[in-house]
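Peer 1: What follows is structure19.txt, compact mmCIF, C-alpha atoms.
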# COMPACT_ATOMS: atom_id res chain seq x y z
CA MET Z 24 121.06 -33.26 -32.34
CA VAL Z 25 119.18 -31.77 -29.47
CA GLN Z 26 115.73 -33.06 -29.02
CA ILE Z 27 113.30 -31.08 -26.95
CA THR Z 28 110.33 -32.95 -25.71
CA PHE Z 29 107.45 -31.31 -23.97
CA GLN Z 30 105.37 -33.52 -21.80
CA PRO Z 31 102.05 -31.76 -21.15
CA ASP Z 32 100.53 -32.71 -17.83
CA ALA Z 33 96.89 -32.83 -16.79
CA SER Z 34 96.83 -29.15 -15.88
CA ASP Z 35 98.03 -28.18 -19.37
CA TYR Z 36 95.15 -30.06 -20.94
CA ARG Z 37 92.76 -28.52 -18.47
CA VAL Z 38 93.99 -24.99 -19.24
CA ALA Z 39 93.70 -25.65 -22.97
CA ARG Z 40 90.18 -27.01 -22.64
CA TYR Z 41 88.94 -24.16 -20.44
CA ALA Z 42 90.69 -21.56 -22.59
CA ALA Z 43 88.96 -22.96 -25.66
CA ALA Z 44 85.59 -22.56 -23.93
CA ALA Z 45 86.45 -18.99 -22.88
CA ILE Z 46 87.59 -18.09 -26.41
CA ALA Z 47 84.37 -19.50 -27.89
CA LEU Z 48 82.30 -17.40 -25.47
CA SER Z 49 84.31 -14.26 -26.28
CA VAL Z 50 83.89 -14.73 -30.02
CA ALA Z 51 80.17 -15.47 -29.69
CA GLU Z 52 79.74 -12.42 -27.50
CA ALA Z 53 81.43 -10.18 -30.06
CA ALA Z 54 78.35 -10.64 -32.24
CA ILE Z 55 76.18 -8.81 -29.70
CA PRO Z 56 75.90 -5.13 -30.61
CA THR Z 57 76.91 -2.80 -27.78
CA PRO Z 58 76.28 0.91 -27.35
CA LEU Z 59 79.73 1.55 -25.89
CA PRO Z 60 82.93 -0.45 -26.12
CA GLY Z 61 83.23 -2.15 -22.75
CA VAL Z 62 79.52 -2.58 -22.14
CA LYS Z 63 79.19 -6.30 -22.68
CA PRO Z 64 78.42 -9.38 -20.61
CA GLY Z 65 81.97 -10.72 -20.36
CA LEU Z 66 80.83 -14.32 -20.46
CA ALA Z 67 84.43 -15.59 -20.69
CA ASN Z 68 84.83 -14.48 -17.09
CA ILE Z 69 82.49 -17.29 -16.06
CA VAL Z 70 85.12 -19.74 -17.28
CA VAL Z 71 87.94 -17.85 -15.55
CA LEU Z 72 86.03 -17.86 -12.26
CA LEU Z 73 85.21 -21.52 -12.60
CA VAL Z 74 88.89 -22.35 -13.10
CA LEU Z 75 89.86 -20.10 -10.20
CA MET Z 76 87.49 -21.81 -7.81
CA ARG Z 77 88.22 -25.32 -9.02
CA HIS Z 78 91.93 -25.24 -9.81
CA GLY Z 79 93.38 -22.06 -8.34
CA TRP Z 80 94.66 -18.69 -9.44
CA ARG Z 81 97.60 -19.84 -11.58
CA GLU Z 82 95.47 -21.79 -14.01
CA ALA Z 83 92.82 -19.06 -14.02
CA ALA Z 84 95.48 -16.55 -15.05
CA TRP Z 85 96.60 -18.82 -17.88
CA VAL Z 86 93.04 -19.21 -19.15
CA ALA Z 87 92.26 -15.49 -18.87
CA LEU Z 88 95.38 -14.37 -20.73
CA LEU Z 89 95.19 -17.06 -23.40
CA ARG Z 90 91.61 -15.98 -23.93
CA VAL Z 91 92.59 -12.32 -24.38
CA PHE Z 92 95.25 -13.12 -26.96
CA ALA Z 93 93.42 -15.83 -28.90
CA ALA Z 94 90.04 -14.07 -29.00
CA SER Z 95 91.64 -10.82 -30.24
CA LEU Z 96 93.54 -12.80 -32.85
CA LEU Z 97 90.34 -14.46 -34.06
CA LEU Z 98 88.44 -11.17 -34.14
CA GLY Z 99 91.22 -9.35 -35.96
CA GLN Z 100 91.78 -7.09 -32.96
CA LEU Z 101 95.24 -8.23 -31.92
CA PHE Z 102 97.35 -5.20 -30.86
CA ALA Z 103 94.46 -2.86 -31.71
CA PRO Z 104 93.32 -0.45 -28.96
CA GLY Z 105 90.52 -2.84 -27.97
CA PHE Z 106 93.06 -5.57 -27.34
CA PHE Z 107 95.06 -3.45 -24.92
CA LEU Z 108 91.91 -2.38 -23.09
CA SER Z 109 90.94 -6.01 -22.80
CA LEU Z 110 94.42 -6.96 -21.59
CA ALA Z 111 94.48 -4.17 -19.00
CA GLY Z 112 91.06 -5.22 -17.76
CA SER Z 113 92.12 -8.86 -17.51
CA LEU Z 114 95.34 -8.05 -15.66
CA PHE Z 115 93.52 -5.86 -13.16
CA SER Z 116 90.80 -8.40 -12.57
CA LEU Z 117 93.34 -11.20 -12.16
CA ALA Z 118 95.20 -9.10 -9.59
CA ALA Z 119 91.94 -8.38 -7.76
CA LEU Z 120 90.97 -12.05 -7.85
CA GLY Z 121 94.40 -12.93 -6.49
CA LEU Z 122 93.49 -10.95 -3.38
CA ALA Z 123 89.78 -11.78 -3.27
CA GLN Z 124 90.33 -15.53 -3.42
CA TRP Z 125 91.50 -15.37 0.22
CA LEU Z 126 88.08 -14.13 1.35
CA PRO Z 127 86.41 -16.81 3.48
CA ARG Z 128 84.53 -19.07 1.05
CA ARG Z 129 81.85 -19.76 3.59
CA TRP Z 130 80.73 -16.15 3.39
CA PHE Z 131 81.81 -14.99 -0.04
CA GLY Z 132 80.96 -17.14 -3.03
CA ALA Z 133 81.27 -16.88 -6.78
CA VAL Z 134 79.02 -13.81 -6.96
CA SER Z 135 81.37 -11.76 -4.77
CA LEU Z 136 84.42 -12.87 -6.73
CA SER Z 137 82.66 -12.13 -10.00
CA LEU Z 138 81.70 -8.61 -8.90
CA VAL Z 139 85.22 -7.91 -7.67
CA ALA Z 140 86.62 -9.11 -10.99
CA ALA Z 141 84.11 -7.08 -13.02
CA PHE Z 142 84.84 -3.87 -11.15
CA ALA Z 143 88.60 -4.40 -11.38
CA HIS Z 144 88.14 -5.07 -15.09
CA ILE Z 145 86.42 -1.75 -15.79
CA ALA Z 146 88.86 0.06 -13.49
CA GLY Z 147 91.81 -1.27 -15.50
CA GLN Z 148 90.15 -0.42 -18.80
CA MET Z 149 89.16 3.08 -17.73
CA LEU Z 150 92.63 3.84 -16.37
CA LEU Z 151 94.31 2.75 -19.57
CA ALA Z 152 91.74 4.61 -21.67
CA ARG Z 153 92.22 7.76 -19.57
CA VAL Z 154 96.03 7.60 -19.72
CA TRP Z 155 96.35 6.56 -23.33
CA LEU Z 156 93.27 6.87 -25.54
CA VAL Z 157 91.18 9.74 -24.16
CA PRO Z 158 93.45 11.97 -22.08
CA HIS Z 159 90.61 14.05 -20.72
CA GLU Z 160 88.86 14.17 -17.35
CA GLY Z 161 85.51 14.04 -19.11
CA LEU Z 162 86.03 10.32 -19.63
CA TRP Z 163 85.07 9.70 -16.00
CA GLY Z 164 81.56 10.84 -16.92
CA LEU Z 165 81.12 7.36 -18.39
CA TRP Z 166 82.04 5.67 -15.12
CA PRO Z 167 78.45 5.17 -13.86
CA VAL Z 168 77.56 3.36 -17.10
CA PHE Z 169 80.46 0.93 -16.71
CA SER Z 170 79.82 0.60 -13.00
CA ALA Z 171 76.19 -0.37 -13.68
CA THR Z 172 77.30 -2.83 -16.36
CA ALA Z 173 79.80 -4.40 -13.97
CA THR Z 174 77.16 -4.69 -11.26
CA VAL Z 175 74.55 -6.34 -13.47
CA PHE Z 176 76.78 -8.68 -15.47
CA GLY Z 177 79.13 -9.31 -12.55
CA ALA Z 178 76.21 -10.59 -10.50
CA ILE Z 179 74.72 -12.64 -13.35
CA ASN Z 180 78.06 -14.21 -14.30
CA GLY Z 181 78.69 -14.97 -10.64
CA LEU Z 182 75.33 -16.70 -10.33
CA ILE Z 183 76.00 -18.78 -13.44
CA THR Z 184 79.41 -19.73 -12.04
CA ALA Z 185 77.90 -20.71 -8.69
CA ARG Z 186 75.32 -22.77 -10.53
CA LEU Z 187 77.98 -24.57 -12.55
CA LEU Z 188 80.04 -25.21 -9.42
CA ALA Z 189 77.02 -26.71 -7.68
CA GLU Z 190 76.59 -29.13 -10.58
CA PRO Z 191 78.00 -32.60 -9.90
CA THR Z 192 80.95 -33.31 -12.17
CA ASN Z 193 79.75 -35.11 -15.24
CA PRO Z 194 81.24 -38.61 -15.32
CA ASP Z 195 80.67 -38.80 -19.09
CA LEU Z 196 83.20 -36.05 -19.73
CA PRO Z 197 86.50 -37.31 -21.04
CA PRO Z 198 89.22 -37.18 -18.41
CA ASN Z 199 91.79 -34.38 -18.64
CA ARG Z 200 94.09 -36.43 -20.81
CA PRO Z 201 94.48 -36.65 -24.58
CA MET B 4 65.09 -22.87 -12.40
CA ALA B 5 63.09 -20.87 -9.94
CA VAL B 6 64.26 -17.59 -8.46
CA ARG B 7 64.58 -19.23 -5.06
CA ALA B 8 66.99 -21.81 -6.41
CA TRP B 9 69.17 -19.05 -7.85
CA LEU B 10 69.11 -17.11 -4.59
CA ALA B 11 70.19 -20.27 -2.73
CA LEU B 12 73.48 -19.97 -4.60
CA LEU B 13 74.26 -16.69 -2.86
CA ARG B 14 76.34 -16.77 0.32
CA PRO B 15 75.69 -14.23 3.09
CA GLY B 16 78.64 -12.02 2.12
CA ASP B 17 77.50 -12.00 -1.51
CA TYR B 18 74.48 -9.90 -0.56
CA LEU B 19 76.90 -7.41 0.98
CA THR B 20 79.04 -7.32 -2.16
CA VAL B 21 75.99 -6.78 -4.38
CA LEU B 22 74.83 -4.00 -2.07
CA VAL B 23 78.24 -2.32 -2.19
CA ALA B 24 78.30 -2.56 -6.00
CA VAL B 25 74.82 -1.05 -6.36
CA ALA B 26 75.62 1.71 -3.85
CA ALA B 27 78.89 2.52 -5.61
CA THR B 28 77.06 2.81 -8.94
CA VAL B 29 74.30 5.03 -7.57
CA LEU B 30 76.75 7.27 -5.71
CA ALA B 31 78.98 7.58 -8.77
CA ALA B 32 75.99 8.53 -10.92
CA LEU B 33 74.79 11.14 -8.41
CA GLN B 34 78.26 12.53 -7.97
CA LEU B 35 79.19 12.69 -11.66
CA TRP B 36 75.83 13.42 -13.25
CA GLY B 37 74.11 15.29 -10.45
CA PRO B 38 73.81 19.06 -10.21
CA ASP B 39 77.10 20.90 -9.99
CA ARG B 40 77.17 22.23 -6.45
CA PRO B 41 79.06 25.46 -6.00
CA SER B 42 82.01 25.29 -3.64
CA LEU B 43 83.32 28.86 -3.54
CA ALA B 44 81.88 32.36 -3.33
CA VAL B 45 84.19 34.72 -5.17
CA VAL B 46 83.92 38.38 -4.17
CA ARG B 47 85.35 41.06 -6.42
CA ALA B 48 85.78 44.78 -5.84
CA GLY B 49 86.84 47.07 -8.65
CA GLY B 50 87.42 43.97 -10.80
CA LYS B 51 89.91 42.41 -8.41
CA ILE B 52 89.21 39.31 -6.33
CA VAL B 53 89.15 40.37 -2.70
CA ALA B 54 87.89 37.10 -1.17
CA SER B 55 87.11 33.49 -2.02
CA LEU B 56 84.85 32.16 0.68
CA PRO B 57 84.27 28.41 1.00
CA LEU B 58 80.57 27.52 0.83
CA ASP B 59 80.75 24.66 3.31
CA ARG B 60 80.53 26.86 6.39
CA PRO B 61 78.88 30.15 7.35
CA GLY B 62 80.87 33.30 6.86
CA GLY B 63 80.77 36.80 5.49
CA ILE B 64 82.80 39.79 4.44
CA GLU B 65 82.52 43.55 4.28
CA VAL B 66 83.84 45.10 1.10
CA MET B 67 84.53 48.81 0.64
CA GLY B 68 83.62 50.34 -2.70
CA PRO B 69 83.46 53.93 -3.99
CA LEU B 70 79.97 54.43 -2.45
CA GLY B 71 80.55 52.65 0.82
CA LYS B 72 80.28 49.29 2.46
CA THR B 73 78.80 46.18 0.78
CA LEU B 74 77.99 43.32 3.15
CA ILE B 75 78.14 39.74 1.88
CA GLU B 76 76.90 36.73 3.78
CA VAL B 77 77.73 33.05 3.18
CA GLN B 78 75.84 30.07 4.49
CA PRO B 79 76.48 26.42 3.66
CA GLY B 80 75.65 26.02 -0.04
CA ARG B 81 74.53 29.59 -0.67
CA ALA B 82 75.58 33.23 -0.53
CA ARG B 83 73.93 36.66 -0.84
CA VAL B 84 74.51 40.37 -0.73
CA VAL B 85 72.96 41.53 2.52
CA SER B 86 73.29 45.25 2.03
CA ASP B 87 74.74 47.63 -0.49
CA PRO B 88 74.84 51.41 -0.73
CA GLY B 89 73.79 51.39 -4.42
CA PRO B 90 70.61 53.29 -5.37
CA ARG B 91 68.58 50.47 -6.97
CA GLN B 92 69.56 47.52 -4.77
CA TYR B 93 69.44 44.97 -7.61
CA CYS B 94 72.15 42.76 -6.12
CA VAL B 95 70.45 42.74 -2.72
CA LYS B 96 67.03 41.93 -4.20
CA GLN B 97 68.48 38.91 -6.01
CA GLY B 98 68.53 37.19 -2.63
CA TRP B 99 70.35 33.93 -2.07
CA LEU B 100 72.52 32.56 -4.88
CA THR B 101 72.63 28.76 -4.93
CA ARG B 102 73.68 27.67 -8.40
CA SER B 103 77.21 27.36 -9.66
CA GLY B 104 78.01 30.29 -11.92
CA ALA B 105 75.30 32.54 -10.46
CA ALA B 106 76.37 36.12 -9.85
CA ALA B 107 75.06 39.21 -8.06
CA ILE B 108 76.61 42.44 -9.30
CA CYS B 109 76.41 45.67 -7.36
CA ALA B 110 77.56 47.85 -10.25
CA PRO B 111 77.46 51.29 -8.63
CA ASN B 112 79.70 50.13 -5.79
CA GLU B 113 81.83 47.99 -8.13
CA VAL B 114 81.35 44.87 -6.03
CA SER B 115 80.33 41.46 -7.35
CA LEU B 116 79.63 38.08 -5.84
CA GLN B 117 79.86 34.90 -7.92
CA LEU B 118 79.52 31.24 -7.02
CA GLN B 119 82.03 28.81 -8.44
CA GLY B 120 81.61 25.06 -8.83
CA ARG B 121 83.75 22.19 -9.96
CA SER B 122 83.67 23.21 -13.58
CA GLU B 123 83.56 26.60 -15.21
CA SER B 124 80.13 27.37 -16.52
CA TYR B 125 79.33 29.76 -19.32
CA ASP B 126 76.67 32.37 -19.77
CA SER B 127 76.60 31.67 -23.47
CA LEU B 128 78.58 29.93 -26.14
CA SER B 129 78.73 30.61 -29.84
CA TYR B 130 80.40 28.73 -32.61
Please lay out the structure from this file as structure tokens.

Peer 2:
Amino acid sequence: MVQITFQPDASDYRVARYAAAAIALSVAEAAIPTPLPGVKPGLANIVVLLVLMRHGWREAAWVALLRVFAASLLLGQLFAPGFFLSLAGSLFSLAALGLAQWLPRRWFGAVSLSLVAAFAHIAGQMLLARVWLVPHEGLWGLWPVFSATATVFGAINGLITARLLAEPTNPDLPPNRP
Amino acid sequence: MAVRAWLALLRPGDYLTVLVAVAATVLAALQLWGPDRPSLAVVRAGGKIVASLPLDRPGGIEVMGPLGKTLIEVQPGRARVVSDPGPRQYCVKQGWLTRSGAAAICAPNEVSLQLQGRSESYDSLSY
């Protein structure tokens, strides 16, 4: 008999914990009515940024993608068009963050990273929507709306992330172990 | 938490990033939602296109029609019929054309001037 044992390490527990927080934010946010699909705060990105700045890009990617899959599953959107838009946005913003994380931290903080991620997110979504869902040039007419959304919520999410990073780590939190 | 405390969280480069984001949004809105600026002046004689003049630099053309010579002038962003041998001079009196889709027609001499923009515009639509 072959026995496979999986020994989760501290980073696995961390990813799971952060992903749970991101999923909760995504599901809560789905209750907010929006005028256009894509115009929403994207609160889960706060968690992704936090993980990126604390634990690096690899774990941030895990959290972001787990969030996309699990939140769509919970909302009954898995493999629906909205899921693919969300996935495209996440992949683009992860790629952008992969580059932006090398910006000097002294000069560029969470707000810059958040804005970069937000703009990459809408760029990915719009490209997929243009190629797949609405194959018409008129779609770009919506760009300023998404650009404004990314600016406002990108900045706000970045500020919240910076605020959370400035917070001293709470010693009462359970350690990253079961 | 006071506004100042929030602003203290911003690093110097963050202001730059915010500025770039705002500028990109405003520019995109102006570009995509702003007035459709014409880019070409299309000159026709006898129904055939004889010239397409770019509207980003000054220029002009003389077109021969059945009555004689029609003179068309182009300046950045606008175009007009300077002179025409037609009896009533309607196309000359129209003056400068600036809007996309605008046209000056010198019917007797069979010459027309029309401005073209990014998108085709229509005189009227019916369903």

Peer 1: Within 6 Å of chain B, which residues of chain Z come that close, and what is the closest atom pair and distance in Å for each? Count all atoms listed in the file and give it as JSON lines.

Peer 2:
{"residue": "Z:Trp130", "atom": "CA", "partner": "B:Gly16", "partner_atom": "CA", "distance": 4.8}
{"residue": "Z:Phe131", "atom": "CA", "partner": "B:Gly16", "partner_atom": "CA", "distance": 4.9}
{"residue": "Z:Gly132", "atom": "CA", "partner": "B:Arg14", "partner_atom": "CA", "distance": 5.7}
{"residue": "Z:Val134", "atom": "CA", "partner": "B:Asp17", "partner_atom": "CA", "distance": 5.9}
{"residue": "Z:Ser135", "atom": "CA", "partner": "B:Asp17", "partner_atom": "CA", "distance": 5.1}
{"residue": "Z:Pro167", "atom": "CA", "partner": "B:Ala32", "partner_atom": "CA", "distance": 5.1}
{"residue": "Z:Ser170", "atom": "CA", "partner": "B:Thr28", "partner_atom": "CA", "distance": 5.4}
{"residue": "Z:Ala171", "atom": "CA", "partner": "B:Thr28", "partner_atom": "CA", "distance": 5.8}
{"residue": "Z:Thr174", "atom": "CA", "partner": "B:Ala24", "partner_atom": "CA", "distance": 5.8}

Peer 1: Check the smallest atom-to-atom distance from each of B:Glu113, B:Val95, B:Leu70, B:Gln78 to B:Ser42 using all atoms listed in the file, then report the winner.

Peer 2: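 Looking at the shortest contact to B:Ser42, the residue is B:Gln78.
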
Peer 1: Using all atoms listed in the file, give me every residue within 12 Å of (97.5, -6.7, -20.9) in file coordinates, as an NGL selection string.

Peer 2: :Z and (84 or 87-92 or 95 or 101-118 or 144 or 147-148 or 151)

Peer 1: Go ahead and compute the interatomic distance for atom CA of Z:Met76 and atom CA of Z:Val175, in Å to one decimal.

Peer 2: 20.9 Å

Peer 1: Would you pick out the contacts of B:Gln97 at 8 Å or less, using only C-alpha atoms, so that residues sharing its chain but fewer than 3 positions from it are not included, and give the list as a ChimeraX atom specification?

Peer 2: /B:83,93-94,100,107

Peer 1: Which value, in Å to one decimal, gives the distance between atom CA of Z:Gly181 and atom CA of Z:Leu136?

Peer 2: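 Straight-line distance from atom CA of Z:Gly181 to atom CA of Z:Leu136 works out to 7.2 Å.
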
Peer 1: Write out as a ChimeraX atom specification each polymer residue whose atoms come within 12 Å of Z:Trp80, counting all atoms listed in the file; drop sequence neighbours fewer than 5 positions from it.

Peer 2: /Z:38,71-75,85-87,116-125

Peer 1: Take the residues from that selection and write them out as a PDB file, keeping the file's coordinate frame, keeping C-alpha atoms.

Peer 2:
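Listing of part.pdb after writing:
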ATOM      1  CA  VAL Z  38      93.990 -24.990 -19.240  1.00  0.00           C
ATOM      2  CA  VAL Z  71      87.940 -17.850 -15.550  1.00  0.00           C
ATOM      3  CA  LEU Z  72      86.030 -17.860 -12.260  1.00  0.00           C
ATOM      4  CA  LEU Z  73      85.210 -21.520 -12.600  1.00  0.00           C
ATOM      5  CA  VAL Z  74      88.890 -22.350 -13.100  1.00  0.00           C
ATOM      6  CA  LEU Z  75      89.860 -20.100 -10.200  1.00  0.00           C
ATOM      7  CA  TRP Z  85      96.600 -18.820 -17.880  1.00  0.00           C
ATOM      8  CA  VAL Z  86      93.040 -19.210 -19.150  1.00  0.00           C
ATOM      9  CA  ALA Z  87      92.260 -15.490 -18.870  1.00  0.00           C
ATOM     10  CA  SER Z 116      90.800  -8.400 -12.570  1.00  0.00           C
ATOM     11  CA  LEU Z 117      93.340 -11.200 -12.160  1.00  0.00           C
ATOM     12  CA  ALA Z 118      95.200  -9.100  -9.590  1.00  0.00           C
ATOM     13  CA  ALA Z 119      91.940  -8.380  -7.760  1.00  0.00           C
ATOM     14  CA  LEU Z 120      90.970 -12.050  -7.850  1.00  0.00           C
ATOM     15  CA  GLY Z 121      94.400 -12.930  -6.490  1.00  0.00           C
ATOM     16  CA  LEU Z 122      93.490 -10.950  -3.380  1.00  0.00           C
ATOM     17  CA  ALA Z 123      89.780 -11.780  -3.270  1.00  0.00           C
ATOM     18  CA  GLN Z 124      90.330 -15.530  -3.420  1.00  0.00           C
ATOM     19  CA  TRP Z 125      91.500 -15.370   0.220  1.00  0.00           C
TER      20      TRP Z 125
END

Peer 1: Between atom CA of Z:Ala143 and atom CA of Z:Asn68, what is the distance in Å, rounded to a tenth?

Peer 2: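 According to the coordinates, atom CA of Z:Ala143 and atom CA of Z:Asn68 are separated by 12.2 Å.
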
Peer 1: Using all atoms listed in the file, determine which residues lie at most 8 Å from Z:Ala173, disregarding the query and same-chain residues fewer than 3 positions distant; provide the list as a list in words.

Peer 2: Leu138, Ala141, Phe142, Ile145, Phe169, Ser170, Phe176, Gly177 and Ala178 of chain Z

Peer 1: Measuring atom to atom with all atoms listed in the file, identify which of B:Arg7, B:Lys96, B:Val66, B:Thr101 is nearest to B:Ala48.

Peer 2: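 When distances to B:Ala48 are compared using all atoms listed in the file, the smallest one comes from B:Val66.
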
Peer 1: Pick from B:Pro111, B:Gly104, B:Gly68, B:Pro41: nearest to B:Gly80, with all atoms listed in the file counted?

Peer 2: B:Pro41

Peer 1: Measuring between all atoms listed in the file, which one of Z:Gln26, Z:Ser49, Z:Ser34, Z:Gln100 shows the shortest distance to Z:His78?

Peer 2: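 That would be Z:Ser34, the residue with the smallest distance to Z:His78.
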